[in-house]
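K.L.:
Quick one, protein35.cif (mmCIF, C-alpha atoms):
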data_run
loop_
_atom_site.label_atom_id
_atom_site.label_comp_id
_atom_site.auth_asym_id
_atom_site.auth_seq_id
_atom_site.Cartn_x
_atom_site.Cartn_y
_atom_site.Cartn_z
CA MET A 1 -187.20 242.43 104.08
CA THR A 2 -185.90 242.95 107.64
CA ARG A 3 -182.20 242.54 108.48
CA GLU A 4 -183.05 239.32 110.35
CA GLU A 5 -184.90 237.93 107.33
CA THR A 6 -181.96 238.87 105.08
CA LEU A 7 -179.59 237.17 107.56
CA ASN A 8 -181.65 233.97 107.49
CA GLU A 9 -181.52 233.91 103.69
CA LEU A 10 -177.79 234.68 103.76
CA LYS A 11 -177.23 231.62 105.95
CA LYS A 12 -178.73 229.49 103.17
CA VAL A 13 -176.42 231.14 100.61
CA ILE A 14 -173.34 230.50 102.73
CA ALA A 15 -174.26 226.97 103.90
CA PRO A 16 -172.88 225.02 100.89
CA TYR A 17 -169.45 226.59 101.36
CA THR A 18 -168.81 225.98 105.06
CA VAL A 19 -168.59 222.79 107.08
CA ASN A 20 -168.75 224.82 110.27
CA LYS A 21 -172.54 224.45 110.60
CA GLU A 22 -172.57 225.15 114.33
CA MET A 23 -170.93 228.54 113.86
CA LEU A 24 -173.14 229.26 110.83
CA ALA A 25 -176.23 228.87 113.01
CA GLY A 26 -174.96 231.54 115.38
CA ILE A 27 -173.35 234.02 112.99
CA ASN A 28 -173.45 237.73 113.72
CA ASP A 29 -172.24 240.92 112.02
CA GLN A 30 -168.64 240.32 113.10
CA THR A 31 -168.40 236.74 111.81
CA ASP A 32 -165.60 236.62 109.25
CA LEU A 33 -166.31 234.42 106.23
CA ILE A 34 -162.75 233.10 105.90
CA ARG A 35 -161.36 233.19 109.43
CA ASP A 36 -164.47 232.10 111.36
CA LEU A 37 -166.52 230.06 108.89
CA LYS A 38 -163.38 228.57 107.25
CA ILE A 39 -164.74 229.32 103.79
CA ASN A 40 -162.02 228.97 101.18
CA SER A 41 -161.35 232.26 99.43
CA ALA A 42 -161.89 230.49 96.10
CA ASN A 43 -165.60 230.23 97.07
CA LEU A 44 -166.12 233.93 97.82
CA VAL A 45 -167.15 234.62 94.23
CA ASP A 46 -169.64 231.72 94.46
CA ILE A 47 -171.24 233.38 97.47
CA ILE A 48 -171.51 236.72 95.65
CA ILE A 49 -173.05 235.08 92.58
CA ASP A 50 -175.47 233.05 94.70
CA ALA A 51 -176.44 236.18 96.65
CA GLU A 52 -177.13 238.00 93.38
CA ALA A 53 -179.47 235.21 92.33
CA LYS A 54 -181.12 234.80 95.73
CA TYR A 55 -181.98 238.51 96.13
CA ASP A 56 -182.27 239.37 92.41
CA ILE A 57 -179.60 242.06 92.69
CA GLU A 58 -176.34 242.95 90.98
CA ILE A 59 -173.24 243.36 93.12
CA ASP A 60 -170.56 245.56 91.57
CA TYR A 61 -166.78 245.21 92.04
CA ASP A 62 -166.45 247.74 94.84
CA SER A 63 -169.39 246.33 96.79
CA ALA A 64 -168.15 242.75 96.35
CA ASP A 65 -164.76 243.73 97.78
CA LYS A 66 -166.45 244.77 101.02
CA MET A 67 -168.18 241.41 101.59
CA THR A 68 -165.69 239.88 104.01
CA ASN A 69 -167.86 239.45 107.08
CA VAL A 70 -171.56 238.84 107.71
CA GLY A 71 -172.31 242.46 108.63
CA SER A 72 -170.77 243.85 105.45
CA CYS A 73 -172.60 241.21 103.38
CA LEU A 74 -175.91 242.26 104.91
CA ASP A 75 -175.10 245.95 104.36
CA VAL A 76 -174.31 245.41 100.67
CA ILE A 77 -177.33 243.17 100.06
CA THR A 78 -179.69 245.61 101.84
CA GLU A 79 -178.27 248.53 99.85
CA LYS A 80 -178.72 246.71 96.55
CA ILE A 81 -182.27 245.58 97.41
CA ASN A 82 -183.18 249.16 98.29
CA GLN A 83 -181.80 250.39 94.95
CA LYS A 84 -184.12 248.12 92.95
CA MET B 22 -140.19 245.48 103.03
CA ILE B 23 -139.84 242.13 101.31
CA SER B 24 -142.80 239.79 101.53
CA THR B 25 -144.15 236.73 99.73
CA GLY B 26 -147.51 235.52 98.52
CA ASN B 27 -148.75 232.25 97.07
CA ASP B 28 -152.04 230.54 96.31
CA ILE B 29 -153.22 227.14 95.14
CA VAL B 30 -156.42 226.12 93.39
CA ALA B 31 -157.42 222.44 93.29
CA LEU B 32 -158.87 221.88 89.84
CA LYS B 33 -161.23 219.09 90.87
CA ALA B 34 -162.87 221.46 93.35
CA ILE B 35 -163.73 224.17 90.84
CA ASN B 36 -166.98 224.39 88.92
CA VAL B 37 -165.87 224.58 85.29
CA ALA B 38 -169.28 225.46 83.86
CA ARG B 39 -169.83 228.21 86.42
CA THR B 40 -166.31 229.61 85.93
CA LYS B 41 -167.08 230.13 82.23
CA GLN B 42 -170.22 232.14 82.98
CA GLN B 43 -169.76 235.85 82.34
CA ASN B 44 -171.35 236.88 85.64
CA PHE B 45 -168.77 234.70 87.47
CA TYR B 46 -165.52 235.40 85.65
CA SER B 47 -166.26 239.12 85.41
CA LYS B 48 -165.94 239.23 89.22
CA ILE B 49 -162.34 237.98 88.86
CA ILE B 50 -160.86 239.34 85.64
CA THR B 51 -161.14 242.73 83.98
CA ASP B 52 -162.01 243.49 80.36
CA SER B 53 -158.31 243.97 79.59
CA GLU B 54 -157.47 240.52 80.98
CA LYS B 55 -160.30 238.96 78.97
CA ALA B 56 -158.85 240.63 75.88
CA LEU B 57 -155.38 239.32 76.78
CA TYR B 58 -156.82 235.81 76.91
CA ASP B 59 -158.77 236.15 73.66
CA GLU B 60 -155.77 237.53 71.78
CA GLN B 61 -153.01 235.27 73.07
CA PHE B 62 -154.20 232.19 74.91
CA SER B 63 -157.59 231.01 73.66
CA ASP B 64 -155.95 228.38 71.42
CA GLY B 65 -153.94 226.56 74.08
CA LEU B 66 -155.13 227.37 77.59
CA PRO B 67 -158.66 226.39 78.72
CA PHE B 68 -160.56 229.52 79.72
CA GLU B 69 -161.38 228.20 83.20
CA GLN B 70 -157.69 227.60 83.84
CA PHE B 71 -156.89 231.16 82.77
CA ILE B 72 -159.51 232.47 85.21
CA TRP B 73 -158.12 230.47 88.13
CA LEU B 74 -154.56 231.33 87.16
CA ALA B 75 -155.57 234.99 87.34
CA TRP B 76 -157.34 234.39 90.65
CA SER B 77 -154.31 232.65 92.19
CA VAL B 78 -151.97 235.43 91.05
CA LYS B 79 -154.28 238.13 92.41
CA GLU B 80 -154.73 236.31 95.72
CA SER B 81 -150.94 235.94 95.93
CA VAL B 82 -150.45 239.68 95.39
CA PHE B 83 -153.02 240.39 98.10
CA LYS B 84 -151.24 238.07 100.54
CA TYR B 85 -147.88 239.68 99.68
CA LEU B 86 -149.18 243.18 100.45
CA GLN B 87 -151.47 242.33 103.35
CA ARG B 88 -148.40 241.49 105.43
CA ILE B 89 -147.24 245.09 104.88
CA ASP B 90 -150.68 246.74 104.97
CA PRO B 91 -153.03 244.73 107.22
CA GLU B 92 -155.99 246.96 106.34
CA LEU B 93 -155.72 246.19 102.62
CA VAL B 94 -158.96 245.00 101.00
CA PHE B 95 -158.78 242.21 98.40
CA SER B 96 -159.96 243.75 95.12
CA PRO B 97 -159.49 241.28 92.25
CA SER B 98 -160.56 243.88 89.69
CA LYS B 99 -157.78 246.27 90.71
CA ILE B 100 -154.99 243.69 90.43
CA LYS B 101 -154.36 243.15 86.73
CA VAL B 102 -152.32 240.55 84.88
CA ILE B 103 -150.85 242.66 82.10
CA GLU B 104 -148.43 240.15 80.55
CA LEU B 105 -148.29 236.38 80.58
CA ALA B 106 -145.73 234.07 78.94
CA VAL B 107 -146.59 230.43 78.44
CA PRO B 108 -144.19 227.61 79.34
CA SER B 109 -142.31 225.86 76.59
CA ALA B 110 -142.54 222.52 78.38
CA LYS B 111 -145.39 221.18 80.50
CA SER B 112 -143.68 218.48 82.52
CA LEU B 113 -143.52 219.01 86.25
CA SER B 114 -140.84 216.86 87.80
CA HIS B 115 -140.98 218.06 91.39
CA PHE B 116 -143.40 219.70 93.79
CA GLU B 117 -140.95 221.54 96.01
CA GLY B 118 -137.89 223.62 95.41
CA ARG B 119 -136.01 226.88 95.19
CA ASP B 120 -136.64 229.13 92.18
CA PHE B 121 -138.54 227.69 89.21
CA ASN B 122 -137.70 225.80 86.06
CA GLU B 123 -138.42 228.66 83.67
CA GLN B 124 -139.46 226.23 80.95
CA THR B 125 -142.36 224.79 82.93
CA VAL B 126 -144.04 227.86 84.41
CA TYR B 127 -146.30 230.66 83.29
CA LYS B 128 -144.45 233.93 83.86
CA GLY B 129 -146.58 237.00 84.49
CA ILE B 130 -146.32 240.70 85.12
CA VAL B 131 -149.01 242.08 87.40
CA ASP B 132 -150.08 245.68 87.94
CA PHE B 133 -151.56 246.82 91.22
CA SER B 134 -150.93 250.52 90.97
CA PRO B 135 -148.49 251.85 92.11
CA HIS B 136 -146.92 248.39 92.52
CA THR B 137 -145.68 245.96 89.89
CA PHE B 138 -145.33 242.27 90.70
CA TYR B 139 -143.93 239.26 88.90
CA SER B 140 -145.58 235.87 89.02
CA ARG B 141 -144.73 232.24 88.43
CA THR B 142 -147.57 229.77 87.95
CA ILE B 143 -147.51 226.00 87.63
CA ILE B 144 -150.54 224.37 86.02
CA SER B 145 -150.77 220.61 86.42
CA ASP B 146 -153.67 218.25 85.75
CA ASP B 147 -154.70 218.67 89.38
CA PHE B 148 -153.89 222.19 90.54
CA ILE B 149 -152.89 225.75 89.69
CA PHE B 150 -150.17 227.15 91.95
CA SER B 151 -148.86 230.71 91.88
CA VAL B 152 -146.18 232.68 93.68
CA VAL B 153 -145.52 236.41 93.31
CA SER B 154 -142.46 238.51 94.02
CA HIS B 155 -141.43 242.14 93.83
CA THR B 156 -138.64 241.21 91.39
CA ASN B 157 -138.52 239.03 88.33
CA ASN B 158 -135.86 236.92 90.00
CA PHE B 159 -137.15 234.02 92.11
CA GLU B 160 -133.77 232.66 93.22
CA ARG B 161 -134.52 233.44 96.85
CA VAL B 162 -138.04 232.02 96.75
CA LEU B 163 -138.65 228.56 98.17
CA TRP B 164 -141.96 226.86 97.53
CA GLY B 165 -143.75 223.57 97.95
CA ILE B 166 -146.97 221.84 96.95
CA LYS B 167 -148.38 218.73 98.63
CA LYS B 168 -151.47 216.57 98.32
CA ILE B 169 -153.01 215.55 101.64
CA ASP B 170 -155.82 213.14 102.56
CA SER B 171 -158.15 215.56 104.32
CA THR B 172 -160.11 218.54 103.01
CA ASP B 173 -160.91 219.78 106.53
CA ALA B 174 -159.65 223.34 107.04
CA ASP B 175 -158.01 222.60 110.40
CA ASP B 176 -156.24 219.53 108.97
CA GLN B 177 -155.07 221.58 105.97
CA SER B 178 -153.76 224.27 108.29
CA LYS B 179 -151.77 221.77 110.36
CA ALA B 180 -150.49 219.88 107.32
CA VAL B 181 -149.17 222.96 105.54
CA ARG B 182 -147.29 224.05 108.66
CA VAL B 183 -145.63 220.64 109.06
CA PHE B 184 -144.77 220.66 105.35
CA ALA B 185 -143.22 224.14 105.39
CA LEU B 186 -141.36 223.51 108.65
CA ALA B 187 -139.73 220.41 107.17
CA MET B 188 -138.16 222.60 104.48
CA LEU B 189 -137.28 225.38 106.95
CA ASN B 190 -135.56 222.89 109.24
CA THR B 191 -133.34 221.70 106.40
CA LEU B 192 -132.35 225.33 105.70
CA PHE B 193 -131.85 226.34 109.32
CA PRO B 194 -130.79 223.14 111.11
CA GLY B 195 -130.46 223.14 114.87
CA THR B 196 -132.89 226.01 115.45
CA GLN B 197 -136.26 225.79 117.14
CA LEU B 198 -138.66 227.07 114.48
CA GLU B 199 -142.44 227.43 114.64
CA ILE B 200 -145.09 228.89 112.37
CA ASP B 201 -147.71 231.06 114.03
CA LYS B 202 -149.99 233.93 113.01
CA ASN B 203 -149.54 237.58 113.89
CA SER B 204 -152.34 239.80 115.17
CA HIS B 205 -153.48 240.39 111.56
CA SER B 206 -153.69 236.65 110.80
CA CYS B 207 -150.58 236.68 108.60
CA PRO B 208 -148.39 233.60 109.06
CA ILE B 209 -145.02 234.27 110.66
CA ILE B 210 -141.94 232.16 111.38
CA LEU B 211 -140.77 232.16 114.99
CA LYS B 212 -137.25 231.26 116.09
CA ASN B 213 -137.04 230.49 119.79
CA GLU B 214 -140.46 232.20 120.08
CA VAL B 215 -139.24 235.44 118.44
CA GLU B 216 -140.54 236.48 115.00
CA THR B 217 -137.96 236.13 112.23
CA PRO B 218 -137.76 238.48 109.20
CA VAL B 219 -138.38 235.54 106.83
CA PRO B 220 -141.81 236.13 105.23
CA ILE B 221 -143.94 233.05 104.64
CA SER B 222 -147.23 232.51 102.81
CA LEU B 223 -149.49 229.46 103.23
CA ALA B 224 -152.31 228.26 101.01
CA HIS B 225 -154.73 225.37 100.87
CA HIS B 226 -157.63 224.28 98.72
CA ASP B 227 -159.38 220.94 98.81
CA GLN B 228 -156.66 218.25 99.04
CA TYR B 229 -153.74 220.54 98.21
CA VAL B 230 -151.57 222.65 100.50
CA ALA B 231 -148.73 224.94 99.49
CA TYR B 232 -146.20 227.37 100.93
CA SER B 233 -143.74 229.98 99.76
CA PHE B 234 -141.11 231.92 101.62
CA GLN B 235 -138.40 234.36 100.68
CA ILE B 236 -134.94 234.07 102.19
CA SER B 237 -132.45 236.90 102.68
CA PRO B 238 -129.33 237.27 100.50
#
Kindly transcribe the structure held in the file into structure tokens.
P.N.:
Amino acid sequence: MTREETLNELKKVIAPYTVNKEMLAGINDQTDLIRDLKINSANLVDIIIDAEAKYDIEIDYDSADKMTNVGSCLDVITEKINQK
Amino acid sequence: MISTGNDIVALKAINVARTKQQNFYSKIITDSEKALYDEQFSDGLPFEQFIWLAWSVKESVFKYLQRIDPELVFSPSKIKVIELAVPSAKSLSHFEGRDFNEQTVYKGIVDFSPHTFYSRTIISDDFIFSVVSHTNNFERVLWGIKKIDSTDADDQSKAVRVFALAMLNTLFPGTQLEIDKNSHSCPIILKNEVETPVPISLAHHDQYVAYSFQISP
């Protein structure tokens, strides 16, 4: 899966938790999940769980802690897919 | 440096079934916290409320320290609730005040090595609200919880500022106070456009907004 394909799937994972659909369509590596997409921190675990299901991966504590912006989410997901 | 941290969780916005799933709650609490719940609280406190209590305390600790260390990463698994005392009474008579009625709050001790924090949590039918402090004395902590009409993030942000400023203006009458964010996105109180040393923490979730701040002796 290319980084762009992973990004497109990640948009679907994030979509239920943001009302900022315009910004979601144009997200990039620097887009912050809380500050830019206005995702409530209480939903960050939902996103991690949904990403685990979507990509059939397991995201450990330390990796989950890094998932604060789109770029770090893609890095963690790519790393876990490659470890399968 | 003295700081403050608070968080609020709107109970109608949480997914109870999902919260109880092991793959979900294990991202929030550690094995030792699960054991604490099983040994002491499984009879009286619904598990999902324990999970979100733990979350709100951990988020509060993160907010407290992020003001001091802007590069800090939020790591729920490294912030551990090591003691928790249940309230002897459950009635909540007011949603704003200074200090807490010790009979109506959950009192916690939280380890985030090398730091130790103390927490106060109110659980109502509608929300879970936590504040943390570096001491077990909350006499200098002011806090407030309010239900608003909108769940829009921008509306929540505006509403919580108006709410907190109303309390600040009663404490410091005649001064021109504003709430802004610093370069690290931490809320700050400005007096005549200059940052004050009064730390403030803001929170919102669904229809609830909340604040805490710590005043000097």
K.L.:
Around the point (-141.8, 233.3, 115.6), in the coordinates given by the file, pick out the residues reaching within 10 Å, counting only C-alpha atoms, and return them as number ranges by chain.
P.N.:
B: 197-203, 208-219
K.L.:
Which of these, B:Pro97, B:Gly26, B:Pro67, B:Pro91, has the shortest distance to chain A once you count all atoms listed in the file?
P.N.:
B:Pro97
K.L.:
Hey, can you check how far CA of Arg182 in chain B sits from CA of Ser96 in chain B?
P.N.:
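For CA of Arg182 in chain B relative to CA of Ser96 in chain B, the distance reads 27.1 Å.
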K.L.:
Check the smallest atom-to-atom distance from each of A:Leu33, A:Ile81, A:Val70, A:Met1 to Glu52 in chain A using only C-alpha atoms, then report the winner.
P.N.:
A:Ile81
K.L.:
For chain B, which of A:Asn40, A:Ser63, A:Thr2, A:Gln83 is the closest residue, counting all atoms listed in the file?
P.N.:
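Closest candidate: A:Asn40.
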